[in-house]
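Please read the structure below before turning to the comments.
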Amino acid sequence: MDALIVFDMDGVLAEVTESYREAIQQTVEHFTGRRPERDLIQWYKNAGGWNNDWALSQKIAADWGVAVPYQTVVDYFNQIFIGHDGDGLIRRESWLPERGLLERLGGSFGLSIFTGRLRYELDYTLRRFAPGIAFDPILCADDVARSKPAPDGLLMIGERKPTWQLIYVGDTVDDARSARAAGVPFIGIAARGHSRREEVADLFAQEQAIAVLETVNDIEAAIQEVL
């Protein structure tokens with residue numbers, strides 16, 4: 001059976017500490033006057049259900065006593081994240097796979113993406129860092145009715161590739177829960193130096209991850225062990 005490696009984007013293929021996570025911090029600070037620590041943001045992520053960074057920004061502000069309309073949060077977040085023609089915090093992202101990794105994987109496996117990003121955000125980063133990599137299919141937040149931890153995206157990919165064995169690679173408990181709900185084996189990324197790394201790794205184990213890696217660049221050995 002052919003195997004399809006389905007990647008989450010943020011924290012797996014793209015380093016987003018200085019982009020998405022920074023945008024959460026700046027957004028909350030803008031509306032509350034207080035800047036949340038990144039450890040606090042990870043605490044919410046580990047609790048599950050906060051895959052949407054706009055909703056998480058609104059939630060933290062609300063928990064700090066400041067009610068902000070959702071669209072107001074979205075507008076400000078996008079203003080600083082995208083900026084003008086991509087000159088915002090998104091420019092701070094870096095690409096995590098080492099040179100040649102995805103090309104080697106693509107020689108043996110299918111490559112796919114299921115991400116909580118919107119399509120235009122994903123396209124920007126792929127054009128910048130991986131224009132020659134053929135991911136098929138690609139599913140984004142605007143392609144599914146329910147976001148992670150719901151399994152919808154993985155189930156849709158499975159419907160498009162019915163004879164393929166899917167493996168999902170993600171970095172949050174919502175990724176792991178989405179995979180388990182879809183019946184898809186899960187590989188967790190818990191980076192060295194990651195905020196609450198041990199807690200993240202424990203959550204992956206609870207969700208029956210088949211492997212927990214420090215970086216996507218360790219995936220080749222892990223894939224060989226499970227296929």
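Residue numbering restarts at 1 for every chain of the structure tokens, chains are lettered A, B, ... in their displayed order, and ligands are numbered from 1 as they appear.
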Within 10 Å of Tyr120 in chain A using only C-alpha atoms, minus same-chain residues under 6 positions, as a PDB file with N, CA and C atoms, in the first residue's frame:
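Saved as selection12.pdb:
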ATOM      1  N   LEU A 126       4.441  28.716   1.300  1.00  0.00           N
ATOM      2  CA  LEU A 126       4.920  27.698   0.369  1.00  0.00           C
ATOM      3  C   LEU A 126       5.623  28.328  -0.828  1.00  0.00           C
ATOM      4  N   CYS A 140      -6.893  23.344   3.943  1.00  0.00           N
ATOM      5  CA  CYS A 140      -6.719  24.448   4.878  1.00  0.00           C
ATOM      6  C   CYS A 140      -7.994  24.663   5.684  1.00  0.00           C
ATOM      7  N   ASP A 142     -10.152  26.912   5.517  1.00  0.00           N
ATOM      8  CA  ASP A 142     -11.303  27.307   4.711  1.00  0.00           C
ATOM      9  C   ASP A 142     -11.838  26.179   3.836  1.00  0.00           C
TER      10      ASP A 142
END
**Item:** Residue contacts of Asn52 in chain A (10 Å, only C-alpha atoms) excluding same-chain residues fewer than 3 positions away, as a count of residues only
**Value:** 10
Using only C-alpha atoms, what does the table of range 56-157 of chain A residues within 9 Å of range 10-34 of chain A look like, with each row giving the shortest atom pair and its distance in Å to one decimal, sorted by chain and ascending number, as a tab-separated table?
residue	atom	partner	partner_atom	distance
A:Leu56	CA	A:Ile24	CA	7.8
A:Ser57	CA	A:Ile24	CA	5.6
A:Gln58	CA	A:Val28	CA	7.4
A:Ile60	CA	A:Val28	CA	7.0
A:Ala61	CA	A:Val28	CA	5.8
A:Trp64	CA	A:Thr32	CA	7.4
A:Gly65	CA	A:Thr32	CA	8.2
A:Val66	CA	A:Thr32	CA	6.3
A:Ala67	CA	A:Phe31	CA	8.9
A:Val68	CA	A:Phe31	CA	7.6
A:Val73	CA	A:Thr27	CA	7.2
A:Tyr76	CA	A:Thr27	CA	6.8
A:Phe77	CA	A:Thr27	CA	5.8
A:Asn78	CA	A:Ala23	CA	8.5
A:Ile80	CA	A:Ala23	CA	6.8
A:Phe81	CA	A:Ala23	CA	6.0
A:Gly88	CA	A:Ser19	CA	8.4
A:Leu89	CA	A:Ser19	CA	4.8
A:Ile90	CA	A:Ser19	CA	5.2
A:Arg91	CA	A:Ser19	CA	7.5
A:Arg92	CA	A:Ser19	CA	5.8
A:Glu93	CA	A:Val16	CA	5.5
A:Ser94	CA	A:Glu15	CA	5.3
A:Trp95	CA	A:Ala14	CA	4.8
A:Leu96	CA	A:Leu13	CA	5.2
A:Pro97	CA	A:Leu13	CA	6.2
A:Thr115	CA	A:Asp10	CA	7.7
A:Gly116	CA	A:Asp10	CA	8.5
A:Arg117	CA	A:Asp10	CA	8.4
A:Thr125	CA	A:Ala14	CA	8.2
Residues from last step as file, N, CA and C atoms, as a PDB file, in the first residue's frame:
ATOM      1  N   LEU A  56      -8.176  32.228  20.048  1.00  0.00           N
ATOM      2  CA  LEU A  56      -7.355  32.163  21.255  1.00  0.00           C
ATOM      3  C   LEU A  56      -7.007  33.560  21.752  1.00  0.00           C
ATOM      4  N   SER A  57      -6.689  34.458  20.855  1.00  0.00           N
ATOM      5  CA  SER A  57      -6.403  35.842  21.252  1.00  0.00           C
ATOM      6  C   SER A  57      -7.615  36.454  21.938  1.00  0.00           C
ATOM      7  N   GLN A  58      -8.789  36.229  21.367  1.00  0.00           N
ATOM      8  CA  GLN A  58     -10.023  36.744  21.971  1.00  0.00           C
ATOM      9  C   GLN A  58     -10.253  36.115  23.345  1.00  0.00           C
ATOM     10  N   ILE A  60      -8.007  34.822  25.523  1.00  0.00           N
ATOM     11  CA  ILE A  60      -7.078  35.321  26.547  1.00  0.00           C
ATOM     12  C   ILE A  60      -7.498  36.713  26.998  1.00  0.00           C
ATOM     13  N   ALA A  61      -7.862  37.565  26.042  1.00  0.00           N
ATOM     14  CA  ALA A  61      -8.324  38.911  26.400  1.00  0.00           C
ATOM     15  C   ALA A  61      -9.560  38.819  27.297  1.00  0.00           C
ATOM     16  N   TRP A  64      -8.862  37.888  30.748  1.00  0.00           N
ATOM     17  CA  TRP A  64      -8.244  39.013  31.450  1.00  0.00           C
ATOM     18  C   TRP A  64      -9.213  40.179  31.626  1.00  0.00           C
ATOM     19  N   GLY A  65     -10.493  39.920  31.359  1.00  0.00           N
ATOM     20  CA  GLY A  65     -11.528  40.899  31.646  1.00  0.00           C
ATOM     21  C   GLY A  65     -11.838  41.891  30.552  1.00  0.00           C
ATOM     22  N   VAL A  66     -11.338  41.623  29.330  1.00  0.00           N
ATOM     23  CA  VAL A  66     -11.576  42.544  28.219  1.00  0.00           C
ATOM     24  C   VAL A  66     -12.311  41.801  27.107  1.00  0.00           C
ATOM     25  N   ALA A  67     -13.561  42.155  26.876  1.00  0.00           N
ATOM     26  CA  ALA A  67     -14.358  41.530  25.818  1.00  0.00           C
ATOM     27  C   ALA A  67     -14.131  42.285  24.510  1.00  0.00           C
ATOM     28  N   VAL A  68     -13.667  41.561  23.504  1.00  0.00           N
ATOM     29  CA  VAL A  68     -13.388  42.162  22.198  1.00  0.00           C
ATOM     30  C   VAL A  68     -14.166  41.390  21.145  1.00  0.00           C
ATOM     31  N   VAL A  73     -10.841  41.396  16.621  1.00  0.00           N
ATOM     32  CA  VAL A  73      -9.600  40.667  16.872  1.00  0.00           C
ATOM     33  C   VAL A  73      -8.985  40.202  15.554  1.00  0.00           C
ATOM     34  N   TYR A  76      -7.351  43.146  13.567  1.00  0.00           N
ATOM     35  CA  TYR A  76      -6.077  43.634  14.106  1.00  0.00           C
ATOM     36  C   TYR A  76      -4.984  42.588  13.930  1.00  0.00           C
ATOM     37  N   PHE A  77      -5.301  41.327  14.228  1.00  0.00           N
ATOM     38  CA  PHE A  77      -4.333  40.241  14.083  1.00  0.00           C
ATOM     39  C   PHE A  77      -3.787  40.207  12.654  1.00  0.00           C
ATOM     40  N   ASN A  78      -4.685  40.247  11.673  1.00  0.00           N
ATOM     41  CA  ASN A  78      -4.244  40.182  10.285  1.00  0.00           C
ATOM     42  C   ASN A  78      -3.431  41.393   9.872  1.00  0.00           C
ATOM     43  N   ILE A  80      -1.280  43.030  11.664  1.00  0.00           N
ATOM     44  CA  ILE A  80       0.114  42.899  12.077  1.00  0.00           C
ATOM     45  C   ILE A  80       0.756  41.621  11.535  1.00  0.00           C
ATOM     46  N   PHE A  81      -0.065  40.596  11.291  1.00  0.00           N
ATOM     47  CA  PHE A  81       0.498  39.332  10.816  1.00  0.00           C
ATOM     48  C   PHE A  81       0.827  39.390   9.331  1.00  0.00           C
ATOM     49  N   GLY A  88       4.349  41.817   7.113  1.00  0.00           N
ATOM     50  CA  GLY A  88       4.091  41.752   8.545  1.00  0.00           C
ATOM     51  C   GLY A  88       4.903  40.658   9.225  1.00  0.00           C
ATOM     52  N   LEU A  89       4.394  40.179  10.344  1.00  0.00           N
ATOM     53  CA  LEU A  89       5.115  39.183  11.131  1.00  0.00           C
ATOM     54  C   LEU A  89       5.321  37.875  10.370  1.00  0.00           C
ATOM     55  N   ILE A  90       4.527  37.610   9.357  1.00  0.00           N
ATOM     56  CA  ILE A  90       4.702  36.395   8.572  1.00  0.00           C
ATOM     57  C   ILE A  90       6.091  36.325   7.948  1.00  0.00           C
ATOM     58  N   ARG A  91       6.716  37.467   7.766  1.00  0.00           N
ATOM     59  CA  ARG A  91       8.062  37.501   7.194  1.00  0.00           C
ATOM     60  C   ARG A  91       9.103  36.932   8.148  1.00  0.00           C
ATOM     61  N   ARG A  92       8.755  36.796   9.420  1.00  0.00           N
ATOM     62  CA  ARG A  92       9.702  36.276  10.407  1.00  0.00           C
ATOM     63  C   ARG A  92       9.782  34.753  10.404  1.00  0.00           C
ATOM     64  N   GLU A  93       8.925  34.108   9.656  1.00  0.00           N
ATOM     65  CA  GLU A  93       8.929  32.652   9.654  1.00  0.00           C
ATOM     66  C   GLU A  93      10.197  32.099   9.009  1.00  0.00           C
ATOM     67  N   SER A  94      10.564  30.907   9.449  1.00  0.00           N
ATOM     68  CA  SER A  94      11.663  30.186   8.810  1.00  0.00           C
ATOM     69  C   SER A  94      11.181  28.782   8.464  1.00  0.00           C
ATOM     70  N   TRP A  95      11.913  28.122   7.580  1.00  0.00           N
ATOM     71  CA  TRP A  95      11.535  26.793   7.099  1.00  0.00           C
ATOM     72  C   TRP A  95      12.302  25.748   7.891  1.00  0.00           C
ATOM     73  N   LEU A  96      11.604  24.763   8.397  1.00  0.00           N
ATOM     74  CA  LEU A  96      12.208  23.781   9.298  1.00  0.00           C
ATOM     75  C   LEU A  96      12.841  22.577   8.590  1.00  0.00           C
ATOM     76  N   PRO A  97      12.255  22.041   7.520  1.00  0.00           N
ATOM     77  CA  PRO A  97      12.900  20.890   6.883  1.00  0.00           C
ATOM     78  C   PRO A  97      14.268  21.244   6.308  1.00  0.00           C
ATOM     79  N   THR A 115      -3.737  21.834   7.412  1.00  0.00           N
ATOM     80  CA  THR A 115      -3.335  22.908   8.304  1.00  0.00           C
ATOM     81  C   THR A 115      -4.528  23.742   8.737  1.00  0.00           C
ATOM     82  N   GLY A 116      -4.392  24.373   9.882  1.00  0.00           N
ATOM     83  CA  GLY A 116      -5.396  25.316  10.350  1.00  0.00           C
ATOM     84  C   GLY A 116      -5.238  26.702   9.756  1.00  0.00           C
ATOM     85  N   ARG A 117      -4.241  26.891   8.898  1.00  0.00           N
ATOM     86  CA  ARG A 117      -4.091  28.172   8.217  1.00  0.00           C
ATOM     87  C   ARG A 117      -5.179  28.347   7.164  1.00  0.00           C
ATOM     88  N   THR A 125       3.596  31.200   2.325  1.00  0.00           N
ATOM     89  CA  THR A 125       4.769  30.537   2.893  1.00  0.00           C
ATOM     90  C   THR A 125       5.307  29.460   1.962  1.00  0.00           C
TER      91      THR A 125
END
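Ranking A:Val6, A:Ile82, A:Ala134, A:Val226 by their shortest atom-to-atom distance to Gly153 in chain A, with only C-alpha atoms included, puts A:Val6 first.
You will find CA of Ala211 in chain A at 5.0 Å from CA of Ile187 in chain A.
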**Request:** Can you list, as number ranges by chain, all residues belonging to range 106-155 of chain A that DSSP tags as alpha helix (DSSP H)?
**Result:** A: 106-108, 119-129, 152-155
**From A:Met156, A:Leu203, A:Ala221, A:Ala191, residue lying nearest Ala176 in chain A [only C-alpha atoms]** = A:Leu203
**Request:** Output as a PyMOL selection string all residues of range 8-167 of chain A that backbone DSSP marks as strand (DSSP E or B).
**Result:** chain A and resi 10+14-15+94-95+110-114+138-139+165-167
**Complete:** Using only C-alpha atoms, the best pick from A:Gly106, A:Glu214, A:Trp43, A:Asp174 as closest to Gly193 in chain A would be A:Glu214
**Prompt:** Separation of CA of Leu166 in chain A and CA of Ala205 in chain A, in Å?
**Reply:**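 Taking CA of Leu166 in chain A and CA of Ala205 in chain A, their separation equals 18.9 Å.
Pairwise distance (CA of Asp123 in chain A, CA of Arg197 in chain A) equals 28.8 Å.
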